[in-house]
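Engineer: Provided herewith: run_1.cif, mmCIF, C-alpha atoms.
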```cif
data_final
loop_
_atom_site.label_atom_id
_atom_site.label_comp_id
_atom_site.auth_asym_id
_atom_site.auth_seq_id
_atom_site.Cartn_x
_atom_site.Cartn_y
_atom_site.Cartn_z
CA MET A 1 87.29 115.58 97.75
CA PHE A 2 89.82 113.70 99.89
CA SER A 3 87.83 111.41 102.18
CA LYS A 4 88.89 111.02 105.81
CA ASN A 5 86.66 107.94 106.10
CA LEU A 6 88.26 106.29 103.06
CA ALA A 7 91.76 107.00 104.44
CA HIS A 8 90.82 105.32 107.71
CA LYS A 9 89.28 102.39 105.86
CA ILE A 10 92.46 101.89 103.83
CA PHE A 11 94.47 102.05 107.07
CA GLU A 12 92.61 98.89 108.16
CA GLY A 13 94.92 97.08 105.75
CA PHE A 14 97.55 97.27 108.51
CA SER A 15 95.30 95.20 110.79
CA ILE A 16 94.16 92.42 108.46
CA GLN A 17 96.31 89.38 109.16
CA ARG A 18 97.27 86.87 106.48
CA TRP A 19 97.97 83.12 106.77
CA THR A 20 96.16 82.89 110.11
CA ASP A 21 95.97 79.09 109.84
CA LEU A 22 99.78 78.71 109.81
CA VAL A 23 102.55 79.32 112.33
CA ARG A 24 103.83 82.85 111.68
CA PRO A 25 107.20 84.07 112.99
CA PHE A 26 106.15 87.68 112.31
CA ASP A 27 102.97 89.54 111.38
CA LEU A 28 101.88 89.20 107.76
CA VAL A 29 99.29 91.85 106.91
CA GLU A 30 97.46 92.95 103.79
CA MET A 31 99.13 96.36 103.54
CA ASP A 32 102.57 94.77 103.41
CA LYS A 33 101.42 92.25 100.81
CA GLY A 34 100.06 95.10 98.66
CA ALA A 35 103.38 96.91 98.98
CA GLU A 36 105.50 93.93 98.00
CA LYS A 37 103.16 93.16 95.12
CA MET A 38 103.67 96.64 93.67
CA VAL A 39 107.46 96.49 94.08
CA LEU A 40 107.39 93.21 92.16
CA ALA A 41 105.00 94.65 89.57
CA TYR A 42 107.44 97.53 89.03
CA ILE A 43 110.34 95.11 88.46
CA ILE A 44 108.39 92.79 86.14
CA GLY A 45 106.82 95.74 84.31
CA LYS A 46 110.18 97.36 83.65
CA PHE A 47 111.46 94.13 82.11
CA GLU A 48 108.43 94.14 79.80
CA GLU A 49 108.90 97.79 78.85
CA ASN A 50 112.53 97.02 78.08
CA ARG A 51 111.26 94.41 75.60
CA GLY A 52 109.07 97.05 73.93
CA VAL A 53 105.77 96.04 75.56
CA TYR A 54 103.35 98.84 76.49
CA VAL A 55 102.53 98.79 80.21
CA ASP A 56 99.46 100.66 81.42
CA TRP A 57 100.95 101.82 84.74
CA ASN A 58 98.04 104.13 85.50
CA TRP A 59 95.60 101.21 85.36
CA MET A 60 97.96 99.08 87.44
CA ILE A 61 98.38 101.49 90.36
CA HIS A 62 94.63 102.04 90.60
CA ALA A 63 94.04 98.28 90.31
CA SER A 64 96.40 97.69 93.25
CA LEU A 65 94.33 100.10 95.36
CA PHE A 66 91.07 98.45 94.31
CA ASP A 67 92.49 95.01 95.13
CA LEU A 68 93.31 96.25 98.62
CA LEU A 69 89.86 97.78 99.09
CA LYS A 70 88.21 94.52 98.08
CA LYS A 71 90.49 92.51 100.38
CA ILE A 72 89.69 94.81 103.32
CA ALA A 73 85.96 94.31 102.72
CA LEU A 74 86.31 90.52 102.38
CA CYS A 75 89.08 89.99 104.92
CA ASP A 76 87.75 86.68 106.26
CA ILE A 77 87.29 84.95 102.89
CA LYS A 78 90.28 82.98 101.63
CA ALA A 79 91.35 83.26 97.98
CA PRO A 80 90.49 79.60 97.11
CA VAL A 81 86.94 80.14 98.41
CA LEU A 82 86.54 83.24 96.25
CA ALA A 83 87.89 81.31 93.26
CA MET A 84 85.30 78.57 93.80
CA LEU A 85 82.52 81.14 94.18
CA LYS A 86 83.57 82.78 90.91
CA LYS A 87 83.70 79.47 89.04
CA GLU A 88 80.76 77.53 90.48
CA TYR A 89 78.37 80.14 91.93
CA THR A 90 78.58 82.97 89.42
CA GLN A 91 75.46 84.86 90.46
CA GLU A 92 76.38 84.82 94.14
CA TYR A 93 79.89 85.97 93.25
CA LEU A 94 78.47 88.93 91.31
CA ARG A 95 76.17 89.79 94.23
CA LEU A 96 79.17 89.65 96.57
CA ASN A 97 81.03 92.10 94.33
CA GLU A 98 78.02 94.39 94.36
CA TRP A 99 78.02 94.19 98.15
CA VAL A 100 81.70 95.23 98.18
CA LEU A 101 80.96 98.27 96.03
CA ASN A 102 78.07 99.23 98.31
CA GLN A 103 80.43 99.20 101.31
CA TYR A 104 82.59 101.86 99.66
CA LYS A 105 79.95 104.01 98.01
CA PRO A 106 79.49 106.19 101.15
CA LEU A 107 83.28 106.44 101.59
CA ILE A 108 84.41 107.47 98.10
CA ASP A 109 83.32 111.03 97.35
CA ASP A 110 85.26 111.05 94.06
CA SER A 111 82.67 109.85 91.52
CA GLU A 112 85.29 109.22 88.81
CA LEU A 113 87.35 107.07 91.18
CA PHE A 114 84.28 105.09 92.23
CA SER A 115 83.42 104.56 88.57
CA GLN A 116 86.93 103.20 87.96
CA PHE A 117 86.51 100.91 90.97
CA THR A 118 83.17 99.64 89.63
CA ILE A 119 84.64 98.93 86.19
CA TYR A 120 87.62 97.14 87.74
CA ILE A 121 85.36 94.91 89.84
CA GLY A 122 83.47 94.04 86.65
CA GLN A 123 86.71 93.28 84.82
CA LYS A 124 87.92 90.95 87.57
CA ALA A 125 84.54 89.21 87.58
CA GLU A 126 84.91 88.82 83.81
CA SER A 127 81.58 90.54 83.22
CA LEU A 128 83.46 93.43 81.56
CA PRO A 129 86.37 93.05 79.11
CA ILE A 130 89.86 94.28 79.92
CA PRO A 131 90.96 96.68 77.13
CA GLN A 132 93.74 95.33 74.93
CA LYS A 133 96.14 98.13 75.92
CA THR A 134 95.70 97.12 79.57
CA GLN A 135 96.09 93.36 79.21
CA ALA A 136 99.89 93.36 79.66
CA ALA A 137 99.55 95.37 82.89
CA GLU A 138 96.85 93.00 84.14
CA ARG A 139 99.10 89.97 83.61
CA ILE A 140 102.07 91.73 85.24
CA LEU A 141 100.01 92.62 88.31
CA ALA A 142 98.58 89.09 88.53
CA ALA A 143 102.08 87.58 88.29
CA ALA A 144 103.36 89.98 90.95
CA ASP A 145 100.46 89.02 93.22
CA LYS A 146 101.22 85.29 92.86
CA PHE A 147 104.94 85.77 93.42
CA ALA A 148 104.35 87.95 96.49
CA THR A 149 102.15 85.18 97.91
CA LEU A 150 104.84 82.61 97.09
CA ARG A 151 107.43 84.70 98.94
CA GLU A 152 105.22 84.77 102.03
CA LEU A 153 104.85 81.00 101.89
CA GLN A 154 108.60 80.54 101.48
CA LEU A 155 109.17 82.60 104.61
CA LEU A 156 106.54 80.63 106.53
CA SER A 157 107.84 77.23 105.40
CA VAL A 158 110.83 77.64 107.70
CA VAL A 159 108.62 77.23 110.78
CA ASN A 160 105.78 75.08 109.43
CA GLU A 161 105.78 71.33 108.80
CA PRO A 162 105.94 70.53 105.07
CA GLU A 163 102.52 68.84 105.29
CA ARG A 164 100.95 72.23 106.04
CA THR A 165 102.47 74.06 103.06
CA GLU A 166 103.32 71.58 100.28
CA LYS A 167 99.90 71.59 98.59
CA ILE A 168 99.69 75.40 98.59
CA TYR A 169 103.26 75.66 97.33
CA THR A 170 102.53 73.27 94.44
CA GLU A 171 99.40 75.22 93.48
CA LEU A 172 101.26 78.55 93.52
CA GLN A 173 104.06 77.13 91.40
CA ALA A 174 101.48 75.86 88.92
CA ASP A 175 99.77 79.28 88.84
CA LEU A 176 103.09 81.00 88.12
CA GLN A 177 103.74 78.74 85.12
CA LYS A 178 101.23 80.88 83.19
CA TYR A 179 103.51 83.88 83.54
CA LEU A 180 106.89 82.39 82.67
CA ASP A 181 106.84 84.22 79.33
CA LEU A 182 107.43 87.40 81.38
CA THR A 183 111.19 87.98 81.61
CA GLY A 184 110.92 89.52 85.07
CA VAL A 185 109.14 86.45 86.41
CA GLN A 186 111.89 84.25 84.96
CA MET A 187 114.55 86.38 86.67
CA LEU A 188 112.72 86.21 89.99
CA MET A 189 111.97 82.49 89.84
CA THR A 190 115.60 81.67 89.02
CA ARG A 191 116.84 84.10 91.70
CA GLN A 192 118.86 86.42 89.50
CA ARG A 193 119.92 89.99 90.34
CA SER A 194 116.33 91.30 90.46
CA PHE A 195 115.52 88.70 93.11
CA GLU A 196 118.44 90.00 95.21
CA PHE A 197 117.10 93.54 94.81
CA MET A 198 113.62 92.41 95.83
CA MET A 199 115.12 90.67 98.88
CA LYS A 200 116.74 93.95 99.96
CA VAL A 201 113.45 95.83 99.57
CA GLU A 202 111.67 93.01 101.40
CA GLN A 203 113.75 93.78 104.49
CA LEU A 204 111.56 96.86 104.92
CA ARG A 205 108.74 94.42 105.72
CA PHE A 206 110.56 93.37 108.89
CA GLN A 207 111.30 96.91 110.11
CA VAL A 208 108.62 98.26 112.45
CA ARG A 209 108.01 102.01 112.57
CA TRP A 210 107.94 103.88 115.90
CA ASN A 211 110.12 101.08 117.23
CA GLN A 212 110.66 102.86 120.56
CA THR A 213 107.01 102.67 121.66
CA PRO A 214 104.09 100.21 121.87
CA ARG A 215 101.51 100.97 119.20
CA VAL A 216 98.34 99.50 117.64
CA PRO A 217 98.36 98.50 114.89
CA LYS A 218 102.06 98.09 114.26
CA THR A 219 103.13 99.29 110.84
CA THR A 220 106.21 98.28 108.90
CA VAL A 221 108.31 100.56 106.74
CA LEU A 222 107.26 98.70 103.58
CA GLY A 223 103.54 98.86 104.39
CA HIS A 224 103.93 102.52 105.32
CA CYS A 225 105.50 103.18 101.90
CA TYR A 226 102.54 101.67 100.08
CA PHE A 227 100.09 103.61 102.25
CA VAL A 228 102.01 106.81 101.41
CA ALA A 229 101.83 105.94 97.70
CA VAL A 230 98.05 105.46 97.90
CA MET A 231 97.54 108.66 99.92
CA THR A 232 99.68 110.54 97.38
CA LEU A 233 97.47 109.18 94.60
CA LEU A 234 94.31 110.35 96.39
CA LEU A 235 95.72 113.73 97.43
CA CYS A 236 96.80 114.48 93.87
CA ARG A 237 93.21 113.91 92.74
CA ASP A 238 92.13 116.58 95.23
CA CYS A 239 94.63 119.37 94.55
CA GLY A 240 92.65 121.15 91.82
CA VAL A 241 95.08 120.33 89.01
CA SER A 242 94.54 117.89 86.15
CA MET A 243 97.70 115.78 86.00
CA SER A 244 99.18 113.80 83.13
CA GLU A 245 99.47 110.02 83.48
CA LYS A 246 103.27 110.24 83.76
CA ARG A 247 102.99 112.66 86.67
CA ILE A 248 100.44 110.45 88.47
CA ILE A 249 102.65 107.40 87.96
CA ASN A 250 105.82 109.20 89.10
CA ASN A 251 104.09 110.46 92.24
CA PHE A 252 102.81 107.00 93.15
CA PHE A 253 106.16 105.26 92.75
CA THR A 254 108.00 108.07 94.52
CA GLY A 255 105.69 107.38 97.47
CA LEU A 256 106.24 103.62 97.18
CA PHE A 257 110.04 103.90 97.10
CA HIS A 258 110.56 107.00 99.27
CA ASP A 259 112.03 104.99 102.16
CA LEU A 260 114.04 102.64 99.95
CA PRO A 261 117.38 103.68 101.53
CA GLU A 262 116.14 102.28 104.84
CA ALA A 263 116.47 98.80 103.33
CA VAL A 264 120.21 99.18 103.94
CA THR A 265 120.33 101.86 106.69
CA ARG A 266 117.30 100.82 108.81
CA ASP A 267 114.69 103.25 110.07
CA ILE A 268 116.36 106.15 111.88
CA ILE A 269 113.60 107.73 113.97
CA SER A 270 112.92 111.45 113.46
CA PRO A 271 114.05 112.64 116.94
CA VAL A 272 117.46 111.05 116.35
CA LYS A 273 117.74 112.47 112.83
CA GLN A 274 117.03 115.93 114.22
CA ALA A 275 119.30 115.66 117.29
CA THR A 276 121.59 118.34 115.82
CA ASP A 277 121.08 120.94 113.08
CA ALA A 278 123.63 119.31 110.79
CA LEU A 279 122.58 115.69 111.36
CA PRO A 280 119.71 115.48 108.82
CA ASN A 281 122.05 116.42 105.95
CA ILE A 282 124.77 114.11 107.24
CA VAL A 283 122.33 111.19 107.53
CA LYS A 284 121.08 111.88 103.98
CA LYS A 285 124.66 111.90 102.68
CA ILE A 286 125.42 108.61 104.41
CA GLU A 287 122.19 107.08 103.09
CA ASP A 288 123.06 108.11 99.53
CA GLU A 289 126.54 106.58 99.83
CA ILE A 290 125.24 103.28 101.19
CA VAL A 291 122.49 103.10 98.54
CA GLU A 292 125.08 103.70 95.82
CA LYS A 293 127.26 100.92 97.21
CA GLU A 294 124.68 98.29 98.22
CA LEU A 295 121.44 98.90 96.29
CA GLU A 296 122.33 100.45 92.94
CA PRO A 297 124.39 97.43 91.79
CA LEU A 298 121.26 95.26 92.24
CA MET A 299 119.08 97.50 90.06
CA GLU A 300 118.68 96.63 86.39
CA PRO A 301 120.33 99.25 84.13
CA PHE A 302 117.01 100.01 82.38
CA PHE A 303 115.28 101.20 85.55
CA ARG A 304 118.17 102.31 87.76
CA ASP A 305 118.13 105.99 86.74
CA GLU A 306 114.35 106.24 87.15
CA LEU A 307 114.41 104.58 90.56
CA MET A 308 117.19 106.87 91.75
CA TYR A 309 115.16 109.83 90.48
CA PHE A 310 112.24 108.65 92.61
CA THR A 311 114.37 108.30 95.76
CA SER A 312 116.75 111.28 95.50
CA ASP A 313 115.32 114.48 97.02
CA GLU A 314 112.08 112.55 97.24
CA PHE A 315 110.16 115.36 98.96
CA ALA A 316 111.00 118.10 96.44
CA ASN A 317 108.79 119.24 93.56
CA ARG A 318 111.07 118.48 90.63
CA ILE A 319 111.48 117.81 86.94
CA ILE A 320 114.09 116.45 84.57
CA ASP A 321 115.08 119.28 82.21
CA SER A 322 114.38 117.97 78.72
CA ASP A 323 117.25 120.05 77.29
CA ASP A 324 120.16 118.92 79.45
CA GLY A 325 118.76 115.99 81.48
CA VAL A 326 119.48 117.74 84.80
CA VAL A 327 117.06 117.28 87.71
CA ARG A 328 115.73 120.65 88.85
CA GLU A 329 113.61 121.64 91.83
CA VAL A 330 110.71 123.86 90.76
CA ASP A 331 107.90 125.85 92.32
CA TRP A 332 104.54 124.05 92.25
CA ASN A 333 102.84 126.78 90.19
CA LEU A 334 105.67 126.58 87.66
CA LEU A 335 105.34 122.79 87.70
CA ASN A 336 101.72 123.18 86.64
CA LEU A 337 102.16 125.98 84.12
CA GLN A 338 105.44 125.11 82.42
CA TYR A 339 106.62 121.63 83.31
CA SER A 340 103.53 119.42 83.50
CA ALA A 341 104.25 117.65 80.19
CA ASP A 342 105.49 114.06 80.26
CA ARG A 343 108.83 115.01 78.70
CA TYR A 344 109.77 116.75 81.97
CA SER A 345 108.87 113.69 84.10
CA PRO A 346 107.30 115.90 86.82
CA ILE A 347 107.03 114.83 90.46
CA ASP A 348 105.00 116.50 93.24
CA GLY A 349 107.51 115.65 95.97
CA LYS A 350 105.93 117.98 98.50
CA THR A 351 102.66 116.08 98.13
CA VAL A 352 104.54 112.86 98.85
CA ARG A 353 105.86 114.56 102.00
CA ILE A 354 102.31 115.51 103.02
CA ALA A 355 101.25 111.88 102.53
CA ASP A 356 104.26 110.70 104.55
CA HIS A 357 103.37 113.00 107.45
CA LEU A 358 99.68 112.13 107.12
CA ALA A 359 100.59 108.45 107.52
CA ALA A 360 102.71 109.21 110.59
CA LEU A 361 99.89 111.31 112.09
CA MET A 362 97.39 108.49 111.56
CA GLU A 363 99.79 105.91 112.99
CA ALA A 364 100.03 107.96 116.20
CA ASP A 365 96.43 109.14 116.41
CA ILE A 366 94.81 105.75 115.74
CA SER A 367 96.95 104.03 118.36
CA ILE A 368 96.11 106.72 120.91
CA LYS A 369 92.40 106.27 120.16
CA HIS A 370 92.80 102.52 120.67
CA GLY A 371 94.10 103.29 124.17
CA ILE A 372 97.76 102.47 123.44
CA THR A 373 99.64 105.69 123.95
CA SER A 374 103.01 107.04 125.07
CA SER A 375 104.91 110.30 125.26
CA HIS A 376 106.46 109.44 121.88
CA LEU A 377 103.06 109.14 120.20
CA ASP A 378 101.64 112.23 121.93
CA HIS A 379 104.70 114.25 120.96
CA GLY A 380 104.63 112.92 117.40
CA LYS A 381 100.98 113.80 116.90
CA LYS A 382 101.40 117.24 118.44
CA GLY A 383 104.47 117.91 116.31
CA MET A 384 102.65 117.04 113.09
CA LEU A 385 99.73 119.34 113.89
CA GLU A 386 102.07 122.18 114.87
CA ALA A 387 104.09 121.75 111.67
CA TYR A 388 100.94 122.36 109.62
CA PRO A 389 98.90 125.14 111.27
CA GLU A 390 95.39 125.96 110.14
CA GLY A 391 95.43 127.63 106.74
CA LYS A 392 98.71 125.98 105.68
CA ILE A 393 98.36 125.20 101.96
CA ILE A 394 100.99 123.18 100.08
CA ASN A 395 100.71 122.02 96.46
CA GLY A 396 97.07 123.10 96.38
CA ILE A 397 96.19 121.06 99.50
CA ASP A 398 94.88 122.66 102.70
CA VAL A 399 97.13 120.53 104.88
CA GLY A 400 96.29 122.29 108.14
CA ASN A 401 92.58 121.55 107.75
CA LEU A 402 93.23 118.02 106.44
CA PHE A 403 95.36 117.02 109.42
CA ARG A 404 92.88 118.35 111.95
CA GLU A 405 89.99 116.67 110.18
CA ILE A 406 91.80 113.32 110.08
CA CYS A 407 92.16 113.39 113.88
CA ARG A 408 88.52 114.25 114.65
#
```
Is it possible to express this structure as structure tokens?
Structural biologist:
Amino acid sequence: MFSKNLAHKIFEGFSIQRWTDLVRPFDLVEMDKGAEKMVLAYIIGKFEENRGVYVDWNWMIHASLFDLLKKIALCDIKAPVLAMLKKEYTQEYLRLNEWVLNQYKPLIDDSELFSQFTIYIGQKAESLPIPQKTQAAERILAAADKFATLRELQLLSVVNEPERTEKIYTELQADLQKYLDLTGVQMLMTRQRSFEFMMKVEQLRFQVRWNQTPRVPKTTVLGHCYFVAVMTLLLCRDCGVSMSEKRIINNFFTGLFHDLPEAVTRDIISPVKQATDALPNIVKKIEDEIVEKELEPLMEPFFRDELMYFTSDEFANRIIDSDDGVVREVDWNLLNLQYSADRYSPIDGKTVRIADHLAALMEADISIKHGITSSHLDHGKKGMLEAYPEGKIINGIDVGNLFREICR
């Protein structure tokens, strides 16, 4: 069952600040780091797949969630301290991991998910082995994590004296040496086309949502995208349908990249988009044209089509017809009965839309409950609840009940 308490706990990732001992020109929070890490993991992973390496994407997307959960629980402990605990105080490190799991046991109603979380914690503590088929994905995710951290440090080095950052920078560079056999890491480190693409996506980290109103906590477009991806993952586990790995993976990355066009168009707030009846379609057309001109040329040929499939008509239930290669919008029941096989590359776009609106509802509701409110937030919250009246079921999810429960 989808857990309101777990959703709120994950939302805390927007509040946990990073690099608090350095001068920061803008907020650096855990949710944004998790988002950038998964964008990088996608890029590096696609390079590996292109070389014929099997990548366990299903393990990777769950691992990214579990990493975030652990970071939320241990928000005040720096990575070097954890590394020392793991190396020099093994028993205490294992007890700390057990404590983390105990924090989430009351929050995760999904026993299978909690079991996966427990196994992952054991794998990271090296008390359980990582299966051979998963080892490539584990290295890709680890490399993405290190590079995302390096990018943060590079941004911070502009406003910090070298003495504050040089040692950390040297250590990160040394850590990344272990992953230079990965083609994607080589391309990123030498600032090739994939680095330029990542830089465009990274701009979403600087764009604040609800930019017309004060709000707590602030959320960026990039962090919002990762939160939507995670909520999509959890909602799909709760819709009453057993999904193939390909469908789970597609849904997650559709959530992660659903606002990709805003990297080149910026975040156009919903009231402006809906100012006239024709404007939404016009804005979408303009977005598609700008993406084609400015973003597509930066995508590697071996993942361009897939990425455009994720971002085009992102909120529609759709498949790729295995006979003619045409993308078709399909009814959810038909998606389950006829087109659930991997060869159709199914996507539950309407579930991604639910997750997108759920994130917006939580952004408004949580700020209001913190005492920071405005007519924009009140109107946004009211609009979301009115759009999904009680009894409204979409893609097997009782959205009306879910949205009211999340605000209680």
Engineer: Using all atoms listed in the file, which residues of range 30-76 of chain A come within 12 Å of range 87-106 of chain A, and what is the closest atom pair for each, with the distance in Å to one decimal? Give it as a tab-separated table, sorted by chain and residue number.
Structural biologist:
```
residue	atom	partner	partner_atom	distance
A:Phe66	CA	A:Leu101	CA	10.3
A:Asp67	CA	A:Val100	CA	11.2
A:Leu68	CA	A:Val100	CA	11.7
A:Leu69	CA	A:Tyr104	CA	8.4
A:Lys70	CA	A:Val100	CA	6.5
A:Lys71	CA	A:Val100	CA	9.5
A:Ile72	CA	A:Val100	CA	9.5
A:Ala73	CA	A:Val100	CA	6.3
A:Leu74	CA	A:Val100	CA	7.8
A:Cys75	CA	A:Val100	CA	11.3
```
Engineer: Could you please take those selected residues and save C-alpha atoms as a CSV table (one decimal), in the frame of the given file?
Structural biologist:
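Full text of again07.csv as output:
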```csv
chain,number,residue,atom,x,y,z
A,66,PHE,CA,91.1,98.4,94.3
A,67,ASP,CA,92.5,95.0,95.1
A,68,LEU,CA,93.3,96.2,98.6
A,69,LEU,CA,89.9,97.8,99.1
A,70,LYS,CA,88.2,94.5,98.1
A,71,LYS,CA,90.5,92.5,100.4
A,72,ILE,CA,89.7,94.8,103.3
A,73,ALA,CA,86.0,94.3,102.7
A,74,LEU,CA,86.3,90.5,102.4
A,75,CYS,CA,89.1,90.0,104.9
```
Engineer: Could you spell out the hits of the PyMOL selection byres ((chain A and resi 205-209) around 10) on the shown file, as a ChimeraX atom specification?
Structural biologist: /A:26-29,32-33,35-36,200-204,210-213,215,218-224,262-263,266-269,360,363
Engineer: Convert the current residue selection to file output with C-alpha atoms, as a PDB file, in the coordinates of the input.
Structural biologist:
```pdb
ATOM      1  CA  PHE A  26     106.150  87.680 112.310  1.00  0.00           C
ATOM      2  CA  ASP A  27     102.970  89.540 111.380  1.00  0.00           C
ATOM      3  CA  LEU A  28     101.880  89.200 107.760  1.00  0.00           C
ATOM      4  CA  VAL A  29      99.290  91.850 106.910  1.00  0.00           C
ATOM      5  CA  ASP A  32     102.570  94.770 103.410  1.00  0.00           C
ATOM      6  CA  LYS A  33     101.420  92.250 100.810  1.00  0.00           C
ATOM      7  CA  ALA A  35     103.380  96.910  98.980  1.00  0.00           C
ATOM      8  CA  GLU A  36     105.500  93.930  98.000  1.00  0.00           C
ATOM      9  CA  LYS A 200     116.740  93.950  99.960  1.00  0.00           C
ATOM     10  CA  VAL A 201     113.450  95.830  99.570  1.00  0.00           C
ATOM     11  CA  GLU A 202     111.670  93.010 101.400  1.00  0.00           C
ATOM     12  CA  GLN A 203     113.750  93.780 104.490  1.00  0.00           C
ATOM     13  CA  LEU A 204     111.560  96.860 104.920  1.00  0.00           C
ATOM     14  CA  TRP A 210     107.940 103.880 115.900  1.00  0.00           C
ATOM     15  CA  ASN A 211     110.120 101.080 117.230  1.00  0.00           C
ATOM     16  CA  GLN A 212     110.660 102.860 120.560  1.00  0.00           C
ATOM     17  CA  THR A 213     107.010 102.670 121.660  1.00  0.00           C
ATOM     18  CA  ARG A 215     101.510 100.970 119.200  1.00  0.00           C
ATOM     19  CA  LYS A 218     102.060  98.090 114.260  1.00  0.00           C
ATOM     20  CA  THR A 219     103.130  99.290 110.840  1.00  0.00           C
ATOM     21  CA  THR A 220     106.210  98.280 108.900  1.00  0.00           C
ATOM     22  CA  VAL A 221     108.310 100.560 106.740  1.00  0.00           C
ATOM     23  CA  LEU A 222     107.260  98.700 103.580  1.00  0.00           C
ATOM     24  CA  GLY A 223     103.540  98.860 104.390  1.00  0.00           C
ATOM     25  CA  HIS A 224     103.930 102.520 105.320  1.00  0.00           C
ATOM     26  CA  GLU A 262     116.140 102.280 104.840  1.00  0.00           C
ATOM     27  CA  ALA A 263     116.470  98.800 103.330  1.00  0.00           C
ATOM     28  CA  ARG A 266     117.300 100.820 108.810  1.00  0.00           C
ATOM     29  CA  ASP A 267     114.690 103.250 110.070  1.00  0.00           C
ATOM     30  CA  ILE A 268     116.360 106.150 111.880  1.00  0.00           C
ATOM     31  CA  ILE A 269     113.600 107.730 113.970  1.00  0.00           C
ATOM     32  CA  ALA A 360     102.710 109.210 110.590  1.00  0.00           C
ATOM     33  CA  GLU A 363      99.790 105.910 112.990  1.00  0.00           C
TER      34      GLU A 363
END
```
Engineer: Take the PyMOL selection byres ((chain A and resi 44) around 8), run it mentally on this structure, and tell me the resulting residues as number ranges by chain.
Structural biologist: A: 40-43, 45-48, 140, 144, 182-185
Engineer: Run through the PyMOL selection byres ((chain A and resi 352) around 8) on the given coordinates and return the selected residues as a VMD selection string.
Structural biologist: chain A and resid 228 to 229 232 251 254 to 255 314 to 315 348 to 351 353 to 356
Engineer: Between CA of Ile77 in chain A and CA of Arg24 in chain A, what is the distance in Å, rounded to a tenth?
Structural biologist: 18.8 Å
Engineer: Quote the spacing between CA of Thr134 in chain A and CA of Phe227 in chain A in Å to one decimal place.
Structural biologist: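 Going from CA of Thr134 in chain A over to CA of Phe227 in chain A covers 24.0 Å.
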Engineer: Just to confirm, what's the straight-line distance from CA of Met189 in chain A to CA of Leu82 in chain A in Å (one decimal)?
Structural biologist: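 If I compute the distance from CA of Met189 in chain A to CA of Leu82 in chain A, I get 26.2 Å.
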Engineer: Taking all atoms listed in the file into account, which of A:Cys225, A:Met308, A:Val327, A:Cys407 comes nearest Glu292 in chain A?
Structural biologist: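 With all atoms listed in the file as the atom set, the closest residue is A:Met308.
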Engineer: Step by step: start from the point (104.9, 82.0, 103.8) in the file's coordinates, keep every protein, DNA or RNA residue that has an atom no farther than 10 Å from it, count only C-alpha atoms, and write the set as a VMD selection string.
Structural biologist: chain A and resid 18 to 19 22 to 25 28 148 to 160 165 168 to 169
Engineer: Might you pull out every residue within 9 Å of Arg328 in chain A, with only C-alpha atoms counted and same-chain residues fewer than 2 positions away left off, and present them as a list of chain:residue names?
Structural biologist: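 Final neighbour list, sorted by chain and number: A:Asn317, A:Arg318, A:Ile319, A:Ile320, A:Asp321, A:Val326, A:Val330.
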Engineer: Given only C-alpha atoms as the basis, pick out the residue of A:Asp145, A:Ser15, A:Ile10, A:Val216 nearest to Ile372 in chain A.
Structural biologist: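 When distances to Ile372 in chain A are compared using only C-alpha atoms, the smallest one comes from A:Val216.
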Engineer: Under the rule that all atoms listed in the file are counted, which of A:Ile282, A:Ala63, A:Ser312, A:Gly371 is the nearest residue to Gly122 in chain A?
Structural biologist: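 Distance minimum relative to Gly122 in chain A lands on A:Ala63.
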Engineer: I need the residue nearest Asp342 in chain A from this list: A:Ile406, A:Glu30, A:Ser322, A:Ser367. Use all atoms listed in the file for the distance.
Structural biologist: A:Ser322
Engineer: Kindly provide, as AutoDock Vina command-line options, the centre and edge lengths (Å, one decimal) of an axis-aligned box around all atoms of range 157-170 of chain A given in the file, with 4 Å on each side.
Structural biologist:
```
--center_x 105.3 --center_y 73.2 --center_z 102.6 --size_x 19.1 --size_y 16.8 --size_z 24.3
```
Engineer: Take the point (115.4, 120.1, 96.3) as written in the file and pick out every residue within 6 Å of it, counting all atoms listed in the file; give the list as a PyMOL selection string.
Structural biologist: chain A and resi 313+316+329
Engineer: For a quick check of understanding, using all atoms listed in the file, which of A:Asn281, A:Pro214, A:His258, A:Leu234 has the smallest distance to Ala364 in chain A?
Structural biologist: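 When distances to Ala364 in chain A are compared using all atoms listed in the file, the smallest one comes from A:Pro214.
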